[in-house]
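Dumped entry15.pdb below, it's PDB, C-alpha atoms and all ligand atoms:
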ATOM      1  CA  MET A  16     156.893 160.909 163.457
ATOM      2  CA  ALA A  17     155.696 164.335 162.447
ATOM      3  CA  THR A  18     152.682 165.754 164.246
ATOM      4  CA  PRO A  19     149.636 165.855 161.999
ATOM      5  CA  ALA A  20     148.848 169.056 160.160
ATOM      6  CA  GLY A  21     146.103 171.246 161.576
ATOM      7  CA  THR A  22     146.698 170.549 165.242
ATOM      8  CA  PRO A  23     148.050 173.842 166.529
ATOM      9  CA  THR A  24     147.860 175.511 169.966
ATOM     10  CA  GLY A  25     150.930 176.476 171.941
ATOM     11  CA  PRO A  26     150.861 175.293 175.532
ATOM     12  CA  ALA A  27     150.772 178.864 176.841
ATOM     13  CA  GLU A  28     147.565 179.791 175.038
ATOM     14  CA  PRO A  29     144.679 180.511 177.437
ATOM     15  CA  ILE A  30     142.090 177.765 177.149
ATOM     16  CA  GLU A  31     139.151 180.138 176.598
ATOM     17  CA  SER A  32     140.694 181.567 173.427
ATOM     18  CA  VAL A  33     141.236 178.189 171.796
ATOM     19  CA  GLU A  34     138.681 177.392 169.154
ATOM     20  CA  PRO A  35     137.157 173.960 169.732
ATOM     21  CA  ILE A  36     138.119 171.327 167.204
ATOM     22  CA  ILE A  37     134.712 169.713 167.630
ATOM     23  CA  GLU A  38     131.422 171.169 168.719
ATOM     24  CA  LEU A  39     127.964 169.714 168.947
ATOM     25  CA  GLN A  40     125.232 172.262 169.484
ATOM     26  CA  GLY A  41     121.721 171.276 170.529
ATOM     27  CA  ILE A  42     121.887 167.865 168.871
ATOM     28  CA  ARG A  43     118.706 165.843 168.775
ATOM     29  CA  ALA A  44     118.560 162.430 167.205
ATOM     30  CA  ALA A  45     115.954 159.710 166.808
ATOM     31  CA  TYR A  46     115.590 156.134 165.665
ATOM     32  CA  GLY A  47     112.268 156.166 163.857
ATOM     33  CA  SER A  48     109.878 158.116 166.046
ATOM     34  CA  ILE A  49     111.842 157.578 169.247
ATOM     35  CA  GLU A  50     114.112 160.463 170.172
ATOM     36  CA  VAL A  51     117.262 159.303 171.995
ATOM     37  CA  LEU A  52     119.364 162.499 172.081
ATOM     38  CA  HIS A  53     117.518 165.446 173.537
ATOM     39  CA  GLY A  54     119.732 168.452 172.904
ATOM     40  CA  VAL A  55     123.387 167.476 173.317
ATOM     41  CA  ASP A  56     126.026 170.209 173.591
ATOM     42  CA  LEU A  57     129.654 169.181 173.605
ATOM     43  CA  SER A  58     132.907 170.907 172.871
ATOM     44  CA  VAL A  59     136.350 169.357 172.471
ATOM     45  CA  ARG A  60     139.534 171.436 172.430
ATOM     46  CA  PRO A  61     142.460 170.729 170.135
ATOM     47  CA  GLY A  62     144.835 168.161 171.592
ATOM     48  CA  GLU A  63     142.647 167.131 174.488
ATOM     49  CA  VAL A  64     141.435 163.705 175.516
ATOM     50  CA  TYR A  65     137.716 164.003 176.115
ATOM     51  CA  ALA A  66     135.906 161.098 177.740
ATOM     52  CA  LEU A  67     132.196 160.629 177.209
ATOM     53  CA  LEU A  68     130.901 158.379 179.954
ATOM     54  CA  GLY A  69     127.531 157.040 180.907
ATOM     55  CA  PRO A  70     125.465 153.962 181.494
ATOM     56  CA  ASN A  71     124.084 151.543 178.934
ATOM     57  CA  GLY A  72     121.753 153.107 176.406
ATOM     58  CA  ALA A  73     122.548 156.703 177.430
ATOM     59  CA  GLY A  74     123.191 157.717 173.814
ATOM     60  CA  LYS A  75     126.999 157.735 173.692
ATOM     61  CA  THR A  76     127.412 155.709 170.503
ATOM     62  CA  THR A  77     124.613 157.672 168.855
ATOM     63  CA  THR A  78     126.495 160.862 169.715
ATOM     64  CA  LEU A  79     129.673 159.492 168.095
ATOM     65  CA  ASN A  80     127.714 158.422 165.025
ATOM     66  CA  ILE A  81     126.339 161.944 164.678
ATOM     67  CA  LEU A  82     129.838 163.350 165.110
ATOM     68  CA  CYS A  83     131.191 161.175 162.277
ATOM     69  CA  ALA A  84     128.144 161.774 160.062
ATOM     70  CA  LEU A  85     127.173 158.112 160.161
ATOM     71  CA  MET A  86     123.773 159.348 161.278
ATOM     72  CA  ALA A  87     121.948 162.649 160.695
ATOM     73  CA  PRO A  88     120.618 164.685 163.618
ATOM     74  CA  THR A  89     116.994 165.804 163.607
ATOM     75  CA  ALA A  90     118.106 169.158 165.036
ATOM     76  CA  GLY A  91     121.310 170.948 166.010
ATOM     77  CA  LYS A  92     124.698 171.556 164.488
ATOM     78  CA  VAL A  93     127.983 169.692 164.109
ATOM     79  CA  ILE A  94     130.935 172.071 163.861
ATOM     80  CA  ILE A  95     134.459 170.879 163.129
ATOM     81  CA  ALA A  96     137.410 173.262 163.242
ATOM     82  CA  GLY A  97     134.976 176.184 163.109
ATOM     83  CA  ARG A  98     133.109 174.891 160.056
ATOM     84  CA  ASP A  99     129.469 173.845 160.139
ATOM     85  CA  VAL A 100     129.592 170.320 158.714
ATOM     86  CA  THR A 101     126.041 169.268 159.608
ATOM     87  CA  GLY A 102     124.762 167.131 156.746
ATOM     88  CA  SER A 103     128.240 166.324 155.387
ATOM     89  CA  LYS A 104     129.069 162.798 154.309
ATOM     90  CA  ALA A 105     131.125 160.522 156.542
ATOM     91  CA  GLU A 106     133.813 160.235 153.821
ATOM     92  CA  ASP A 107     134.203 164.011 153.731
ATOM     93  CA  LEU A 108     134.723 164.166 157.471
ATOM     94  CA  ALA A 109     137.210 161.314 157.292
ATOM     95  CA  ARG A 110     139.096 163.251 154.650
ATOM     96  CA  ALA A 111     138.946 166.335 156.876
ATOM     97  CA  GLY A 112     140.780 164.408 159.602
ATOM     98  CA  LEU A 113     138.256 162.444 161.653
ATOM     99  CA  ALA A 114     138.986 158.780 162.332
ATOM    100  CA  MET A 115     136.528 156.585 164.194
ATOM    101  CA  ILE A 116     137.310 153.228 165.719
ATOM    102  CA  PRO A 117     133.956 151.596 166.281
ATOM    103  CA  GLU A 118     132.883 149.329 169.106
ATOM    104  CA  GLY A 119     134.157 145.867 168.128
ATOM    105  CA  THR A 120     137.169 147.278 166.251
ATOM    106  CA  GLY A 121     136.144 147.030 162.563
ATOM    107  CA  ILE A 122     139.227 145.091 161.491
ATOM    108  CA  PHE A 123     139.191 142.298 158.883
ATOM    109  CA  PRO A 124     139.316 139.119 160.997
ATOM    110  CA  ASN A 125     140.248 136.782 158.128
ATOM    111  CA  LEU A 126     143.263 138.821 157.057
ATOM    112  CA  THR A 127     146.646 138.883 158.736
ATOM    113  CA  VAL A 128     147.891 141.897 160.652
ATOM    114  CA  ARG A 129     150.014 142.919 157.695
ATOM    115  CA  GLU A 130     147.135 142.490 155.233
ATOM    116  CA  ASN A 131     144.921 144.586 157.479
ATOM    117  CA  LEU A 132     147.510 147.340 157.359
ATOM    118  CA  ARG A 133     147.758 146.920 153.598
ATOM    119  CA  MET A 134     144.019 147.689 153.399
ATOM    120  CA  ALA A 135     144.884 151.104 154.822
ATOM    121  CA  THR A 136     147.192 151.966 151.921
ATOM    122  CA  PHE A 137     144.178 153.571 150.227
ATOM    123  CA  THR A 138     145.177 156.569 152.323
ATOM    124  CA  GLY A 139     148.172 157.027 150.037
ATOM    125  CA  LYS A 140     150.688 155.729 152.595
ATOM    126  CA  LYS A 141     153.043 152.910 151.705
ATOM    127  CA  LEU A 142     152.671 149.599 153.510
ATOM    128  CA  SER A 143     156.219 149.895 154.821
ATOM    129  CA  GLU A 144     155.404 153.295 156.338
ATOM    130  CA  LEU A 145     152.214 151.989 157.937
ATOM    131  CA  GLU A 146     154.033 148.994 159.338
ATOM    132  CA  GLU A 147     156.814 151.113 160.771
ATOM    133  CA  VAL A 148     154.384 153.327 162.658
ATOM    134  CA  ALA A 149     152.119 150.474 163.743
ATOM    135  CA  TYR A 150     154.915 148.236 165.020
ATOM    136  CA  GLY A 151     156.699 151.189 166.562
ATOM    137  CA  ARG A 152     153.632 151.975 168.646
ATOM    138  CA  PHE A 153     152.532 148.414 169.252
ATOM    139  CA  LYS A 154     155.459 146.029 169.472
ATOM    140  CA  ARG A 155     153.100 143.108 169.858
ATOM    141  CA  LEU A 156     151.657 143.724 166.384
ATOM    142  CA  GLY A 157     155.133 143.504 164.884
ATOM    143  CA  GLU A 158     155.643 140.135 166.498
ATOM    144  CA  ARG A 159     152.320 138.968 165.093
ATOM    145  CA  ARG A 160     152.433 140.524 161.664
ATOM    146  CA  SER A 161     151.683 137.211 159.901
ATOM    147  CA  GLN A 162     148.948 136.106 162.283
ATOM    148  CA  VAL A 163     145.319 136.087 161.142
ATOM    149  CA  ALA A 164     143.788 139.029 162.973
ATOM    150  CA  GLY A 165     140.688 137.168 164.138
ATOM    151  CA  THR A 166     142.837 134.726 166.101
ATOM    152  CA  MET A 167     144.575 137.417 168.139
ATOM    153  CA  SER A 168     143.461 138.421 171.619
ATOM    154  CA  GLY A 169     140.866 141.161 172.006
ATOM    155  CA  GLY A 170     143.507 143.616 173.143
ATOM    156  CA  GLU A 171     145.750 142.889 170.173
ATOM    157  CA  GLN A 172     142.817 143.320 167.810
ATOM    158  CA  GLN A 173     142.104 146.675 169.421
ATOM    159  CA  MET A 174     145.754 147.650 168.872
ATOM    160  CA  LEU A 175     145.416 146.764 165.205
ATOM    161  CA  ALA A 176     142.237 148.809 164.923
ATOM    162  CA  MET A 177     144.029 151.789 166.450
ATOM    163  CA  ALA A 178     147.012 151.330 164.138
ATOM    164  CA  ARG A 179     144.674 151.339 161.158
ATOM    165  CA  GLY A 180     142.830 154.385 162.460
ATOM    166  CA  LEU A 181     146.101 156.273 162.789
ATOM    167  CA  ALA A 182     147.047 155.510 159.174
ATOM    168  CA  THR A 183     145.283 158.653 157.984
ATOM    169  CA  ASP A 184     147.177 160.916 160.420
ATOM    170  CA  PRO A 185     143.859 162.051 161.873
ATOM    171  CA  ALA A 186     143.436 165.333 163.697
ATOM    172  CA  VAL A 187     140.679 163.716 165.745
ATOM    173  CA  LEU A 188     140.539 160.108 166.853
ATOM    174  CA  ILE A 189     137.216 158.781 168.066
ATOM    175  CA  LEU A 190     137.194 155.589 170.117
ATOM    176  CA  ASP A 191     134.055 153.694 171.063
ATOM    177  CA  GLU A 192     134.350 151.384 174.092
ATOM    178  CA  LEU A 193     138.032 150.676 173.798
ATOM    179  CA  SER A 194     137.942 148.557 176.940
ATOM    180  CA  MET A 195     134.994 146.359 175.987
ATOM    181  CA  GLY A 196     135.619 142.786 177.134
ATOM    182  CA  LEU A 197     139.323 143.346 177.819
ATOM    183  CA  ALA A 198     141.367 142.583 180.900
ATOM    184  CA  PRO A 199     142.263 145.610 183.060
ATOM    185  CA  LEU A 200     145.997 145.354 182.332
ATOM    186  CA  ILE A 201     145.455 145.461 178.576
ATOM    187  CA  VAL A 202     143.058 148.368 178.963
ATOM    188  CA  GLU A 203     145.707 150.239 180.889
ATOM    189  CA  GLU A 204     148.256 149.505 178.169
ATOM    190  CA  LEU A 205     145.881 150.725 175.451
ATOM    191  CA  TYR A 206     145.169 153.899 177.361
ATOM    192  CA  GLY A 207     148.896 154.456 177.700
ATOM    193  CA  VAL A 208     149.024 154.527 173.917
ATOM    194  CA  VAL A 209     146.015 156.852 173.785
ATOM    195  CA  ALA A 210     147.871 159.273 176.036
ATOM    196  CA  ALA A 211     150.968 159.091 173.806
ATOM    197  CA  ILE A 212     148.869 159.753 170.688
ATOM    198  CA  ALA A 213     147.302 162.783 172.364
ATOM    199  CA  GLU A 214     150.764 164.083 173.205
ATOM    200  CA  GLY A 215     151.444 164.083 169.474
ATOM    201  CA  GLY A 216     148.682 166.711 169.142
ATOM    202  CA  VAL A 217     145.750 164.503 168.146
ATOM    203  CA  SER A 218     142.414 165.300 169.800
ATOM    204  CA  ILE A 219     140.727 162.213 171.162
ATOM    205  CA  VAL A 220     137.118 161.545 172.020
ATOM    206  CA  VAL A 221     136.582 158.317 173.859
ATOM    207  CA  VAL A 222     133.374 156.660 174.930
ATOM    208  CA  GLU A 223     133.399 154.277 177.857
ATOM    209  CA  GLN A 224     130.789 152.749 180.074
ATOM    210  CA  PHE A 225     133.188 151.906 182.894
ATOM    211  CA  ALA A 226     135.200 154.897 183.601
ATOM    212  CA  ARG A 227     138.103 154.644 185.957
ATOM    213  CA  THR A 228     140.980 153.945 183.562
ATOM    214  CA  VAL A 229     139.976 156.469 180.939
ATOM    215  CA  LEU A 230     139.718 159.224 183.552
ATOM    216  CA  GLY A 231     143.409 158.722 184.271
ATOM    217  CA  VAL A 232     144.367 159.907 180.779
ATOM    218  CA  SER A 233     141.534 162.400 180.155
ATOM    219  CA  ASP A 234     141.788 166.166 180.218
ATOM    220  CA  ARG A 235     138.041 166.492 180.596
ATOM    221  CA  ALA A 236     135.111 164.164 180.880
ATOM    222  CA  ALA A 237     131.359 164.320 180.465
ATOM    223  CA  ILE A 238     128.602 162.142 181.842
ATOM    224  CA  MET A 239     125.705 161.359 179.569
ATOM    225  CA  VAL A 240     122.448 160.079 180.986
ATOM    226  CA  HIS A 241     119.186 159.519 179.089
ATOM    227  CA  GLY A 242     120.280 161.358 175.963
ATOM    228  CA  LYS A 243     121.606 164.473 177.683
ATOM    229  CA  ILE A 244     124.963 165.617 178.972
ATOM    230  CA  ARG A 245     124.509 165.783 182.680
ATOM    231  CA  ALA A 246     127.939 167.074 183.758
ATOM    232  CA  VAL A 247     131.229 168.149 182.171
ATOM    233  CA  GLY A 248     134.445 168.823 184.021
ATOM    234  CA  GLU A 249     137.849 167.792 185.232
ATOM    235  CA  PRO A 250     138.245 164.027 185.601
ATOM    236  CA  ALA A 251     138.376 164.167 189.406
ATOM    237  CA  ALA A 252     135.120 166.107 189.656
ATOM    238  CA  ILE A 253     133.437 163.781 187.182
ATOM    239  CA  GLU A 254     134.639 160.708 189.000
ATOM    240  CA  ALA A 255     132.918 161.990 192.113
ATOM    241  CA  GLU A 256     129.619 162.252 190.209
ATOM    242  CA  LEU A 257     129.792 158.920 188.488
ATOM    243  CA  SER A 258     128.193 156.683 191.064
ATOM    244  CA  SER A 259     125.034 158.747 191.240
ATOM    245  CA  ALA A 260     124.792 158.752 187.432
ATOM    246  CA  TYR A 261     125.138 154.992 187.321
ATOM    247  CA  LEU A 262     122.748 154.441 190.158
ATOM    248  CA  GLY A 263     120.029 155.932 188.010
ATOM    249  CA  GLY A 264     119.569 159.461 189.380
ATOM    250  CA  GLN A 265     118.076 161.741 186.708
TER
HETATM  251  P1  LIG B   1     125.982 151.362 175.318
HETATM  252  O1  LIG B   1     126.943 151.847 176.348
HETATM  253  O2  LIG B   1     125.078 150.276 175.828
HETATM  254  O3  LIG B   1     126.602 151.042 173.987
HETATM  255  P2  LIG B   1     125.133 153.990 174.445
HETATM  256  O4  LIG B   1     125.204 155.018 175.509
HETATM  257  O5  LIG B   1     126.210 153.953 173.434
HETATM  258  O6  LIG B   1     124.930 152.561 175.084
HETATM  259  P3  LIG B   1     123.335 154.173 172.210
HETATM  260  O7  LIG B   1     123.856 152.943 171.567
HETATM  261  O8  LIG B   1     123.646 155.474 171.600
HETATM  262  O9  LIG B   1     123.732 154.216 173.743
HETATM  263  O10 LIG B   1     121.755 154.012 172.342
HETATM  264  C1  LIG B   1     120.897 155.057 172.790
HETATM  265  C2  LIG B   1     119.452 154.584 172.680
HETATM  266  O11 LIG B   1     119.116 154.407 171.299
HETATM  267  C3  LIG B   1     119.172 153.249 173.342
HETATM  268  O12 LIG B   1     117.903 153.319 173.939
HETATM  269  C4  LIG B   1     119.162 152.270 172.194
HETATM  270  O13 LIG B   1     118.297 151.178 172.462
HETATM  271  C5  LIG B   1     118.649 153.092 171.054
HETATM  272  N1  LIG B   1     119.195 152.655 169.760
HETATM  273  C6  LIG B   1     120.521 152.579 169.429
HETATM  274  N2  LIG B   1     120.670 152.139 168.165
HETATM  275  C7  LIG B   1     119.415 151.925 167.691
HETATM  276  C8  LIG B   1     118.897 151.479 166.439
HETATM  277  N3  LIG B   1     119.699 151.155 165.428
HETATM  278  N4  LIG B   1     117.553 151.379 166.312
HETATM  279  C9  LIG B   1     116.722 151.707 167.333
HETATM  280  N5  LIG B   1     117.153 152.154 168.525
HETATM  281  C10 LIG B   1     118.472 152.258 168.708
END
Turn the structure described in the file into structure tokens.
Ligand code: ATP
Amino acid sequence: MATPAGTPTGPAEPIESVEPIIELQGIRAAYGSIEVLHGVDLSVRPGEVYALLGPNGAGKTTTLNILCALMAPTAGKVIIAGRDVTGSKAEDLARAGLAMIPEGTGIFPNLTVRENLRMATFTGKKLSELEEVAYGRFKRLGERRSQVAGTMSGGEQQMLAMARGLATDPAVLILDELSMGLAPLIVEELYGVVAAIAEGGVSIVVVEQFARTVLGVSDRAAIMVHGKIRAVGEPAAIEAELSSAYLGGQ
């Protein structure tokens, strides 16, 4: 399949000169009067897999919601491909190439696999095209095309959610807790697909609470604790910091 438009960068380009595809600058966010993000800065390069890790309640999902314009920040900027999109609507960002797969997948459980894919034809793609890509990436979905999605295993449902998310040929794919409730082998399989998608030039932001598997396919990772990014770096360096973050050090 063709690589999506708008995902450039030759491999030889020095990292510093590459404009980030996503940037959050000084983001603050609150639920009512309670502030939960206290100045989050984050920058994702084109084509990279960026893992946002951290314990329960750290603010990871809130950060993703801000990124996708599902929630407005009280301060700070959201910049996508060099454009300040703070205050844009979620639909506009989706049209600009952002696809989010929420925690719990967001598929239609009462529809079959095929019908779920049909729901993605609003993107302008034909069902046959969507099926070809989905079953090409996830053989298991092809075998289960007539099965009601809600009766599939958690991992298969996650595959379907990813297949639907990819229907728009996104430049950026945002995954919230891909591994939630899934067996380690399935998680590994899903992350194999994430790596393959990234190789096609898609930038990927992935939130996880439990980190080991995602670090294996990440280019960079960040640890979020209490509404702030506490460290950003290469996966190996971040892995070394994880236990202290999870043990509650500030
Ligand atoms: P988890 O890994 O448990 O999903 P998280 O890092 O994604 O956690 P968030 O879901 O962003 O964290 O939550 C950050 C903080 O905001 C938490 O204290 C949470 O209780 C609070 N919060 C999240 N959603 C709401 C909401 N709709 N109303 C009020 N408070 C909320």
Taking all atoms of ligand LIG 1 (chain B) that the file lists and extending 6 Å past them on each side, where is the centre of the axis-aligned box and how long are its edges? Answer in Å to one decimal, as JSON.
{"center_x": 121.8, "center_y": 152.9, "center_z": 170.9, "size_x": 22.2, "size_y": 17.2, "size_z": 22.9}
Dump the neighbourhood of ligand LIG 1 (chain B) as JSON, numbers by chain: all residues within 8 Å, distances computed on only C-alpha atoms and all ligand atoms. {"A": [45, 46, 47, 49, 50, 51, 52, 68, 69, 70, 71, 72, 73, 74, 75, 76, 77, 78, 192, 222, 223, 224, 239, 240, 241, 242]}
Let me see the file: selected residues, C-alpha atoms, as a compact mmCIF listing (two decimals), in the frame of the given file.
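part.txt was written with the following content:
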# COMPACT_ATOMS: atom_id res chain seq x y z
CA ALA A 45 115.95 159.71 166.81
CA TYR A 46 115.59 156.13 165.66
CA GLY A 47 112.27 156.17 163.86
CA ILE A 49 111.84 157.58 169.25
CA GLU A 50 114.11 160.46 170.17
CA VAL A 51 117.26 159.30 172.00
CA LEU A 52 119.36 162.50 172.08
CA LEU A 68 130.90 158.38 179.95
CA GLY A 69 127.53 157.04 180.91
CA PRO A 70 125.46 153.96 181.49
CA ASN A 71 124.08 151.54 178.93
CA GLY A 72 121.75 153.11 176.41
CA ALA A 73 122.55 156.70 177.43
CA GLY A 74 123.19 157.72 173.81
CA LYS A 75 127.00 157.74 173.69
CA THR A 76 127.41 155.71 170.50
CA THR A 77 124.61 157.67 168.86
CA THR A 78 126.50 160.86 169.72
CA GLU A 192 134.35 151.38 174.09
CA VAL A 222 133.37 156.66 174.93
CA GLU A 223 133.40 154.28 177.86
CA GLN A 224 130.79 152.75 180.07
CA MET A 239 125.70 161.36 179.57
CA VAL A 240 122.45 160.08 180.99
CA HIS A 241 119.19 159.52 179.09
CA GLY A 242 120.28 161.36 175.96
Taking the file as shown, what set of residues would the PyMOL selection byres (((chain A and resi 206-210) around 8) and not hetatm) give back, as a PyMOL selection string? chain A and resi 64+152+202-205+211-214+219+228-229+232
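Excluding A:Gln162 and any residue on its chain fewer than 2 positions from it, the residues at most 9 Å away by only C-alpha atoms are Leu126, Thr127, Val128, Arg129, Glu158, Arg159, Arg160, Ala164, Gly165, Thr166 and Met167 of chain A.
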Determine the residue membership of the PyMOL selection byres (((chain A and resi 109-115) around 7) and not hetatm) for the file above and supply it as a PyMOL selection string. chain A and resi 105-108+116-117+180+185-190
Mind writing the picked residues with C-alpha atoms as an mmCIF file, in the coordinates of the input?
data_model
loop_
_atom_site.group_PDB
_atom_site.id
_atom_site.type_symbol
_atom_site.label_atom_id
_atom_site.label_comp_id
_atom_site.auth_asym_id
_atom_site.auth_seq_id
_atom_site.Cartn_x
_atom_site.Cartn_y
_atom_site.Cartn_z
ATOM 1 C CA ALA A 105 131.125 160.522 156.542
ATOM 2 C CA GLU A 106 133.813 160.235 153.821
ATOM 3 C CA ASP A 107 134.203 164.011 153.731
ATOM 4 C CA LEU A 108 134.723 164.166 157.471
ATOM 5 C CA ILE A 116 137.310 153.228 165.719
ATOM 6 C CA PRO A 117 133.956 151.596 166.281
ATOM 7 C CA GLY A 180 142.830 154.385 162.460
ATOM 8 C CA PRO A 185 143.859 162.051 161.873
ATOM 9 C CA ALA A 186 143.436 165.333 163.697
ATOM 10 C CA VAL A 187 140.679 163.716 165.745
ATOM 11 C CA LEU A 188 140.539 160.108 166.853
ATOM 12 C CA ILE A 189 137.216 158.781 168.066
ATOM 13 C CA LEU A 190 137.194 155.589 170.117
#
Picked residues, the PyMOL selection byres (((chain A and resi 138) around 12) and not hetatm), expected as a list in words: Ala109, Arg110, Gly112, Ala114, Leu132, Arg133, Met134, Ala135, Thr136, Phe137, Gly139, Lys140, Lys141, Leu142, Glu144, Leu145, Arg179, Gly180, Leu181, Ala182, Thr183, Asp184 and Pro185 of chain A
Atom-to-atom span, atom CA of A:Ile42 and atom CA of A:Thr89, Å: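 Spanning atom CA of A:Ile42 to atom CA of A:Thr89 is a straight-line distance of 7.5 Å.
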What does the distance between atom CA of A:Gly97 and atom CA of A:Pro250 come to in Å, to one decimal place?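 That distance, rounded to one decimal, is 25.8 Å.
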Using all atoms listed in the file, which of A:Ile37, A:Val55, A:Leu156, A:Ala226 sits nearest A:Ala96?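 That would be A:Ile37, the residue with the smallest distance to A:Ala96.
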Could you check which of A:Gln172, A:Asn80, A:Ser194, A:Ser58 is closest to A:Val247, using only C-alpha atoms? A:Ser58
Which value, in Å to one decimal, gives the distance between atom CA of A:Lys92 and atom CA of A:Gln40?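 These atoms are spaced 5.1 Å apart.
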Name the closest residue to A:Gly215 among the candidates A:Pro199, A:Glu147, A:Glu63, A:Arg98; distances are taken between atoms, counting only C-alpha atoms.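 For A:Gly215, the nearest of the candidates is A:Glu63.
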Ranking A:Arg60, A:Arg235, A:Lys154, A:Arg245 by minimum distance to A:Gly216 and counting all atoms listed in the file, which one comes first?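 Checking each candidate against A:Gly216, we get A:Arg60 as the closest.
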Which residues are close to A:Val59, i.e. within 7 Å by all atoms listed in the file, leaving aside same-chain residues fewer than 2 positions away? Reply as a PyMOL selection string. chain A and resi 35-38+57+61+63+65
Among the residues A:Gly121, A:Gly62, A:Gly169, A:Ile244, the one that comes closest to A:Val220 [using all atoms listed in the file]: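 Checking each of A:Gly121, A:Gly62, A:Gly169, A:Ile244 against A:Val220, counting all atoms listed in the file, the winner is A:Gly62.
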Where atoms are absent from stretch 193-204 of chain A, fill them in so it carries N, CA and C atoms, then output it as an mmCIF file, in the coordinates of the input.
data_model
loop_
_atom_site.group_PDB
_atom_site.id
_atom_site.type_symbol
_atom_site.label_atom_id
_atom_site.label_comp_id
_atom_site.auth_asym_id
_atom_site.auth_seq_id
_atom_site.Cartn_x
_atom_site.Cartn_y
_atom_site.Cartn_z
ATOM 1 N N LEU A 193 136.721 151.290 173.953
ATOM 2 C CA LEU A 193 138.032 150.676 173.798
ATOM 3 C C LEU A 193 138.217 149.473 174.728
ATOM 4 N N SER A 194 137.650 149.557 175.913
ATOM 5 C CA SER A 194 137.942 148.557 176.940
ATOM 6 C C SER A 194 137.003 147.361 176.914
ATOM 7 N N MET A 195 136.032 147.389 176.016
ATOM 8 C CA MET A 195 134.994 146.359 175.987
ATOM 9 C C MET A 195 135.558 144.932 176.009
ATOM 10 N N GLY A 196 135.242 144.197 177.042
ATOM 11 C CA GLY A 196 135.619 142.786 177.134
ATOM 12 C C GLY A 196 137.101 142.524 177.373
ATOM 13 N N LEU A 197 137.878 143.551 177.679
ATOM 14 C CA LEU A 197 139.323 143.346 177.819
ATOM 15 C C LEU A 197 139.739 143.346 179.288
ATOM 16 N N ALA A 198 140.844 142.644 179.536
ATOM 17 C CA ALA A 198 141.367 142.583 180.900
ATOM 18 C C ALA A 198 141.936 143.950 181.297
ATOM 19 N N PRO A 199 141.830 144.292 182.584
ATOM 20 C CA PRO A 199 142.263 145.610 183.060
ATOM 21 C C PRO A 199 143.687 145.991 182.659
ATOM 22 N N LEU A 200 144.602 145.022 182.668
ATOM 23 C CA LEU A 200 145.997 145.354 182.332
ATOM 24 C C LEU A 200 146.141 145.797 180.882
ATOM 25 N N ILE A 201 145.421 145.120 180.004
ATOM 26 C CA ILE A 201 145.455 145.461 178.576
ATOM 27 C C ILE A 201 144.823 146.834 178.367
ATOM 28 N N VAL A 202 143.733 147.068 179.085
ATOM 29 C CA VAL A 202 143.058 148.368 178.963
ATOM 30 C C VAL A 202 144.021 149.476 179.361
ATOM 31 N N GLU A 203 144.743 149.245 180.423
ATOM 32 C CA GLU A 203 145.707 150.239 180.889
ATOM 33 C C GLU A 203 146.777 150.486 179.823
ATOM 34 N N GLU A 204 147.242 149.398 179.220
ATOM 35 C CA GLU A 204 148.256 149.505 178.169
ATOM 36 C C GLU A 204 147.709 150.316 176.980
#
